[in-house]
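Asks: This is entry22.csv (CSV, C-alpha atoms).
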```csv
chain,number,residue,atom,x,y,z
W,1,MET,CA,0.0,0.0,0.0
W,2,ARG,CA,1.3,3.4,-0.9
W,3,GLY,CA,-0.2,6.8,-0.3
W,4,PHE,CA,-0.2,9.8,-2.7
W,5,THR,CA,-1.3,13.4,-2.4
W,6,LEU,CA,-3.8,14.9,-4.8
W,7,GLY,CA,-1.0,16.6,-6.6
W,8,GLN,CA,0.6,13.2,-7.4
W,9,LEU,CA,-2.3,11.8,-9.4
W,10,ASP,CA,-0.2,11.1,-12.5
W,11,GLU,CA,2.4,9.3,-10.5
W,12,ALA,CA,-0.2,7.3,-8.7
W,13,THR,CA,-1.9,6.3,-12.0
W,14,ASN,CA,1.4,5.3,-13.5
W,15,GLU,CA,2.4,3.2,-10.5
W,16,TYR,CA,-1.1,1.5,-10.6
W,17,LEU,CA,-0.7,0.6,-14.2
W,18,GLU,CA,2.8,-0.8,-13.6
W,19,ALA,CA,1.3,-2.9,-10.7
W,20,GLU,CA,-1.4,-4.2,-13.0
W,21,LYS,CA,1.2,-5.2,-15.6
W,22,ALA,CA,3.3,-6.9,-12.9
W,23,ILE,CA,0.4,-8.9,-11.6
W,24,GLY,CA,-0.7,-10.0,-15.0
W,25,LYS,CA,-3.3,-12.7,-15.0
W,26,SER,CA,-2.1,-14.5,-11.9
W,27,GLY,CA,-5.4,-13.8,-10.1
W,28,ASP,CA,-3.8,-14.0,-6.7
W,29,LYS,CA,-3.2,-10.3,-6.2
W,30,ASP,CA,-5.2,-7.1,-6.7
W,31,ALA,CA,-4.0,-3.7,-7.7
W,32,VAL,CA,-6.4,-0.9,-6.7
W,33,LEU,CA,-6.3,2.8,-7.0
W,34,VAL,CA,-8.7,4.6,-4.7
W,35,SER,CA,-9.2,8.1,-3.4
W,36,VAL,CA,-10.3,8.7,0.2
W,37,SER,CA,-10.0,11.4,2.8
W,38,SER,CA,-8.5,9.2,5.5
W,39,LEU,CA,-7.3,5.7,6.3
W,40,ALA,CA,-10.4,5.2,8.3
W,41,ALA,CA,-12.5,6.1,5.2
W,42,LEU,CA,-10.5,3.5,3.3
W,43,LYS,CA,-11.2,0.8,5.9
W,44,ARG,CA,-14.9,1.6,5.8
W,45,ALA,CA,-15.1,1.5,2.0
W,46,TYR,CA,-13.0,-1.7,1.7
W,47,PRO,CA,-13.2,-3.7,4.9
W,48,ASN,CA,-12.4,-7.0,3.1
W,49,TYR,CA,-8.9,-5.6,2.3
W,50,PHE,CA,-8.4,-5.2,6.1
W,51,ALA,CA,-9.8,-8.6,7.0
W,52,ASP,CA,-12.6,-7.0,8.9
W,53,THR,CA,-15.4,-9.5,9.2
W,54,ASN,CA,-17.3,-7.5,11.9
W,55,ILE,CA,-19.6,-5.9,9.3
W,56,PHE,CA,-20.4,-9.2,7.6
W,57,SER,CA,-21.0,-10.9,11.0
W,58,GLY,CA,-23.3,-8.1,12.0
W,59,LEU,CA,-25.3,-8.4,8.8
W,60,VAL,CA,-25.7,-12.2,9.2
W,61,LYS,CA,-26.9,-11.8,12.8
W,62,GLU,CA,-29.4,-9.1,11.7
W,63,THR,CA,-30.7,-11.4,8.9
W,64,LEU,CA,-31.0,-14.4,11.2
W,65,ALA,CA,-32.9,-12.3,13.8
W,66,LEU,CA,-35.4,-11.4,11.1
W,67,SER,CA,-36.0,-15.0,10.2
```
Would it be possible to restate this file's structure as structure tokens?

Replies:
Amino acid sequence: MRGFTLGQLDEATNEYLEAEKAIGKSGDKDAVLVSVSSLAALKRAYPNYFADTNIFSGLVKETLALS
């Protein structure tokens, strides 16, 4: 994971494209380029990348409670 400022958009895009090329079609890695206001916002938007199963568990519990 690498952070960039808004002024580094071209550099971020180029690095993302290089990562995509390096990964190729292996399927075991992901290259992503996202824009967020904070690390906390990133974790909220992509909890699966941080192995946060709390949201999923909560949704399952809510669903089971409705059944």

Asks: Quick one, how far is CA of Ala31 in chain W from CA of Thr53 in chain W?

Replies: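 CA of Thr53 in chain W lies at a distance of 21.2 Å from CA of Ala31 in chain W.
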
Asks: Pull the neighbourhood of (-8.4, 1.6, 1.3) for me: all residues within 12 Å in file coordinates, counting all atoms listed in the file, as a list of chain:residue names.

Replies: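 Those within range, by chain then number, are W:Met1, W:Arg2, W:Gly3, W:Ala31, W:Val32, W:Leu33, W:Val34, W:Ser35, W:Val36, W:Ser37, W:Ser38, W:Leu39, W:Ala40, W:Ala41, W:Leu42, W:Lys43, W:Arg44, W:Ala45, W:Tyr46, W:Pro47, W:Asn48, W:Tyr49, W:Phe50, W:Ala51.
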
Asks: Rounded to one decimal, what separation in Å do you get between CA of Asp52 in chain W and CA of Leu66 in chain W?

Replies: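 Separation of CA of Asp52 in chain W and CA of Leu66 in chain W: 23.3 Å.
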
Asks: Enter the distance from CA of Tyr16 in chain W to CA of Asp28 in chain W, in Å, rounded to one decimal.

Replies: 16.2 Å

Asks: Which residue gives the smallest distance to Leu17 in chain W among W:Ile55, W:Leu64, W:Asp30, W:Thr5, with all atoms listed in the file counted?

Replies: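 When distances to Leu17 in chain W are compared using all atoms listed in the file, the smallest one comes from W:Asp30.
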